[in-house]
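All remarks here apply to the structure that follows.
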Amino acid sequence: MKAETSMINQTQQKQLLTKNWKGMLLLLGFIALFLPTIAQASSLQLKNMVLDNQAGSIMARFGIELSADTQVEDALQSGIKLKLVCDAALFEHKNIWMDSKVAGKKYSNKIYFDSLSNKYVLEKPGDKIAKNKSLSILLREEWKSFVLDLGPWSTLQRGERYNLRLKVRLDRTEVPQWLKSTLFFWSWDIIPAATYQLDFTY
């Protein structure tokens with residue numbers, strides 16, 4: 001009787017182990033299935049950020065690259081209009097007190113899909129418009145170089161430490177500001193905003 005009970009217990013243990021392994025393999029299969037989607041998530045990436053002196057002005061130069069643009073393409077083709085916002089701020093670094101803002105500049109352009117021409121449209125300040133059937137080609141050309149004038153170079157002091165903070169994001173243009181303020185906890189971004197910092201001593 002004891003021998004039979006022992007054999008039953010061993011059989012049950014084997015069945016349980018087999019079920020656990022099958023469950024683990026199934027779980028690993030699901031993870032592997034969704035990993036490409038996670039890896040392919042769209043993101044904004046900064047390229048070649050430089051701060052220099054041009055004709056006595058502080059110039060911030062950089063490019064932006066949209067990687068894995070499928071999410072943005074889908075949003076635009078569904079009728080959502082987007083706005084790229086680049087917010088640059090130059091701070092003087094303080095050891096004891098909070099850093100003080102020396103200069104700042106904001107730049108934006110709008111992107112949408114025109115279903116009549118079947119093209120993606122990018123509107124820049126000054127009513128300048130660029131179009132292309134390929135979103136990646138359009139953004140590669142139009143976002144390869146940004147130049148923001150942050151004010152007179154003479155505002156910088158020799159021997160002081162500074163940092164340039166740049167925040168880049170894609171906003172929905174059709175969301176009213178009052179709704180954004182009311183639902184402040186809700187993310188309106190199609191993809192996460194990206195923040196970069198450049199530290200230097202003048």
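Going through the structure tokens in order, the chains are called A, B, and so on, while each chain numbers its residues from 1 and the ligands are numbered from 1 in the order shown.
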Which parts of region 27-137 of chain A does DSSP call helix (DSSP H, G or I) when run on the backbone here, written out as a PyMOL selection string? chain A and resi 27-39+70-77+135-137
Residues near Arg169 (chain A), anyone? I mean within 6 Å using only C-alpha atoms, not counting same-chain ones fewer than 2 positions away, as number ranges by chain. A: 84-85, 193
Could you take the residues named above and write them with C-alpha atoms, as a compact mmCIF listing (two decimals), in the first residue's frame?
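What follows is the written file out04.txt:
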# COMPACT_ATOMS: atom_id res chain seq x y z
CA LEU A 84 7.55 68.90 -32.48
CA VAL A 85 8.60 71.18 -29.61
CA ALA A 193 9.69 63.24 -24.39
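Of the listed residues A:Asp99, A:Glu65, A:Asp149, A:Asp127, the one whose atoms come nearest to Asn53 (chain A) is A:Asp149, with distances taken using only C-alpha atoms.
Residue nearest Asn132 (chain A), chosen from A:Gln197, A:Ser117, A:Gln45, A:Ser145 and counting only C-alpha atoms: A:Ser117.
Once Asp114 (chain A) and its same-chain neighbours fewer than 2 positions away are set aside, Leu76, Gln77, Ser78, Gly79, Ile80, Lys81, Ile111, Tyr112, Leu116, Ser117, Asn118, Lys119, Tyr120, Val121, Leu122, Ala130, Lys131, Asn132, Lys133 and Leu135 of chain A remain within 12 Å of it when counting only C-alpha atoms.
Within 8 Å of region 150-161 of chain A there are Asn53, Gly56, Ser57, Ile58, Met59, Ala60, Ala89, Leu90, Glu92, His93, Lys94, Val102, Ala103, Gly104, Lys105, Asp199, Phe200, Thr201 and Tyr202 of chain A, counting only C-alpha atoms and ignoring same-chain residues fewer than 4 positions away.
One distance worth recording is that between CA of Ser43 (chain A) and CA of Phe91 (chain A), which is 26.0 Å.
As for CA of Arg165 (chain A) and CA of Thr195 (chain A), they are spaced 7.2 Å apart.
Our summary of the geometry notes that CA of Tyr162 (chain A) is positioned 28.9 Å from CA of Lys83 (chain A).
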Calculated over only C-alpha atoms, which of the candidates A:Glu142, A:Asp87, A:Asp52, A:Glu73 has the smallest distance to Ile129 (chain A)? A:Glu142
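Taking only C-alpha atoms into account, Leu170 (chain A) lies nearest to A:Asn109 out of the set A:Ser100, A:Asn109, A:Gln54, A:Asn48.
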Could you give me the residues within region 66-166 of chain A that DSSP places in strand (DSSP E), as a PyMOL selection string? chain A and resi 66-67+82-92+100-114+119-124+128-132+146-152+161-166
Generate a file of the selected residues that holds N, CA and C atoms, formatted as a compact mmCIF listing (two decimals), in the first residue's frame.
# COMPACT_ATOMS: atom_id res chain seq x y z
N LEU A 66 14.06 60.43 -35.44
CA LEU A 66 12.95 59.63 -34.95
C LEU A 66 13.22 58.18 -35.31
N SER A 67 13.48 57.36 -34.32
CA SER A 67 13.74 55.94 -34.59
C SER A 67 12.44 55.14 -34.51
N LEU A 82 0.46 66.43 -35.12
CA LEU A 82 1.49 66.50 -34.10
C LEU A 82 2.34 67.76 -34.22
N LYS A 83 2.97 68.11 -33.12
CA LYS A 83 3.84 69.28 -33.10
C LYS A 83 5.13 68.92 -32.40
N LEU A 84 6.25 69.09 -33.10
CA LEU A 84 7.55 68.90 -32.48
C LEU A 84 7.89 70.18 -31.71
N VAL A 85 8.22 70.03 -30.44
CA VAL A 85 8.60 71.18 -29.61
C VAL A 85 10.01 70.95 -29.08
N CYS A 86 10.90 71.90 -29.36
CA CYS A 86 12.27 71.88 -28.83
C CYS A 86 12.41 73.05 -27.86
N ASP A 87 12.63 72.75 -26.61
CA ASP A 87 12.73 73.78 -25.57
C ASP A 87 14.15 73.79 -25.01
N ALA A 88 14.93 74.82 -25.37
CA ALA A 88 16.33 74.91 -24.93
C ALA A 88 16.47 75.99 -23.86
N ALA A 89 17.22 75.68 -22.82
CA ALA A 89 17.46 76.65 -21.74
C ALA A 89 18.91 76.55 -21.30
N LEU A 90 19.56 77.71 -21.13
CA LEU A 90 20.96 77.76 -20.70
C LEU A 90 21.00 78.25 -19.25
N PHE A 91 21.66 77.47 -18.39
CA PHE A 91 21.74 77.78 -16.96
C PHE A 91 23.18 77.97 -16.52
N GLU A 92 23.37 78.91 -15.59
CA GLU A 92 24.67 79.06 -14.95
C GLU A 92 24.66 78.18 -13.71
N SER A 100 20.90 79.33 -12.08
CA SER A 100 20.12 80.47 -12.58
C SER A 100 20.04 80.44 -14.11
N LYS A 101 18.85 80.69 -14.64
CA LYS A 101 18.64 80.65 -16.09
C LYS A 101 19.22 81.90 -16.73
N VAL A 102 20.06 81.68 -17.73
CA VAL A 102 20.71 82.78 -18.45
C VAL A 102 19.93 83.13 -19.71
N ALA A 103 19.49 82.10 -20.44
CA ALA A 103 18.77 82.33 -21.71
C ALA A 103 17.91 81.12 -22.04
N GLY A 104 16.98 81.33 -22.96
CA GLY A 104 16.11 80.23 -23.37
C GLY A 104 15.49 80.50 -24.72
N LYS A 105 15.12 79.42 -25.39
CA LYS A 105 14.49 79.55 -26.71
C LYS A 105 13.62 78.32 -26.96
N LYS A 106 12.48 78.56 -27.60
CA LYS A 106 11.58 77.45 -27.94
C LYS A 106 11.34 77.45 -29.44
N TYR A 107 11.33 76.26 -30.01
CA TYR A 107 11.08 76.12 -31.45
C TYR A 107 10.04 75.01 -31.65
N SER A 108 9.18 75.17 -32.65
CA SER A 108 8.21 74.11 -32.94
C SER A 108 7.88 74.05 -34.42
N ASN A 109 7.51 72.86 -34.88
CA ASN A 109 6.94 72.71 -36.22
C ASN A 109 5.85 71.66 -36.17
N LYS A 110 4.93 71.72 -37.13
CA LYS A 110 3.76 70.84 -37.13
C LYS A 110 3.89 69.76 -38.20
N ILE A 111 3.35 68.59 -37.88
CA ILE A 111 3.37 67.47 -38.82
C ILE A 111 1.96 66.87 -38.91
N TYR A 112 1.53 66.60 -40.13
CA TYR A 112 0.25 65.91 -40.31
C TYR A 112 0.27 65.14 -41.63
N PHE A 113 -0.73 64.31 -41.83
CA PHE A 113 -0.84 63.51 -43.05
C PHE A 113 -1.96 64.07 -43.91
N ASP A 114 -1.64 64.42 -45.17
CA ASP A 114 -2.64 64.93 -46.11
C ASP A 114 -3.14 63.75 -46.94
N LYS A 119 0.50 62.40 -48.76
CA LYS A 119 1.85 62.80 -48.35
C LYS A 119 1.84 63.30 -46.90
N TYR A 120 2.99 63.15 -46.26
CA TYR A 120 3.19 63.72 -44.93
C TYR A 120 3.63 65.17 -45.11
N VAL A 121 3.09 66.03 -44.27
CA VAL A 121 3.36 67.48 -44.40
C VAL A 121 4.01 67.99 -43.13
N LEU A 122 5.05 68.80 -43.29
CA LEU A 122 5.72 69.43 -42.16
C LEU A 122 5.67 70.94 -42.35
N GLU A 123 5.02 71.64 -41.42
CA GLU A 123 4.91 73.10 -41.47
C GLU A 123 5.91 73.73 -40.51
N LYS A 124 6.79 74.59 -41.06
CA LYS A 124 7.79 75.28 -40.25
C LYS A 124 7.36 76.73 -40.03
N LYS A 128 6.59 77.99 -44.07
CA LYS A 128 7.39 77.13 -44.95
C LYS A 128 6.86 75.70 -44.81
N ILE A 129 6.61 75.07 -45.97
CA ILE A 129 6.01 73.74 -45.97
C ILE A 129 6.89 72.74 -46.74
N ALA A 130 7.06 71.56 -46.19
CA ALA A 130 7.77 70.48 -46.86
C ALA A 130 6.85 69.26 -46.88
N LYS A 131 6.89 68.50 -48.00
CA LYS A 131 6.02 67.32 -48.15
C LYS A 131 6.82 66.14 -48.67
N ASN A 132 6.39 64.94 -48.28
CA ASN A 132 7.00 63.73 -48.82
C ASN A 132 6.08 62.55 -48.55
N PHE A 146 18.97 71.86 -36.54
CA PHE A 146 18.25 72.96 -35.90
C PHE A 146 19.27 73.95 -35.34
N VAL A 147 18.97 75.23 -35.44
CA VAL A 147 19.85 76.26 -34.88
C VAL A 147 18.99 77.21 -34.06
N LEU A 148 19.26 77.28 -32.76
CA LEU A 148 18.50 78.16 -31.87
C LEU A 148 19.41 79.25 -31.33
N ASP A 149 18.99 80.50 -31.52
CA ASP A 149 19.74 81.66 -31.01
C ASP A 149 19.34 81.90 -29.56
N LEU A 150 20.30 81.73 -28.64
CA LEU A 150 20.01 81.87 -27.21
C LEU A 150 20.40 83.23 -26.64
N GLY A 151 20.70 84.18 -27.51
CA GLY A 151 21.02 85.52 -27.02
C GLY A 151 22.50 85.86 -27.13
N PRO A 152 22.89 87.04 -26.61
CA PRO A 152 24.27 87.52 -26.74
C PRO A 152 25.29 86.65 -26.01
N ARG A 161 30.73 77.92 -14.82
CA ARG A 161 30.20 76.66 -15.36
C ARG A 161 28.75 76.83 -15.79
N TYR A 162 28.42 76.25 -16.93
CA TYR A 162 27.07 76.36 -17.49
C TYR A 162 26.58 74.98 -17.93
N ASN A 163 25.26 74.87 -18.09
CA ASN A 163 24.70 73.68 -18.73
C ASN A 163 23.52 74.06 -19.61
N LEU A 164 23.53 73.44 -20.78
CA LEU A 164 22.44 73.64 -21.74
C LEU A 164 21.49 72.46 -21.61
N ARG A 165 20.23 72.74 -21.32
CA ARG A 165 19.22 71.69 -21.17
C ARG A 165 18.25 71.77 -22.33
N LEU A 166 18.09 70.65 -23.00
CA LEU A 166 17.22 70.61 -24.17
C LEU A 166 16.16 69.54 -23.99
So that I can check the surroundings of Ile64 (chain A), please list as JSON, numbers by chain every protein, DNA and RNA residue that reaches within 7 Å of it, counting only C-alpha atoms and ignoring chain neighbours fewer than 6 positions away. {"A": [44, 45, 46, 47, 143, 144]}
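Using only C-alpha atoms, the smallest distance between any of A:Phe62, A:Gln71, A:Ile137, A:Met98 and Lys167 (chain A) comes from A:Phe62.
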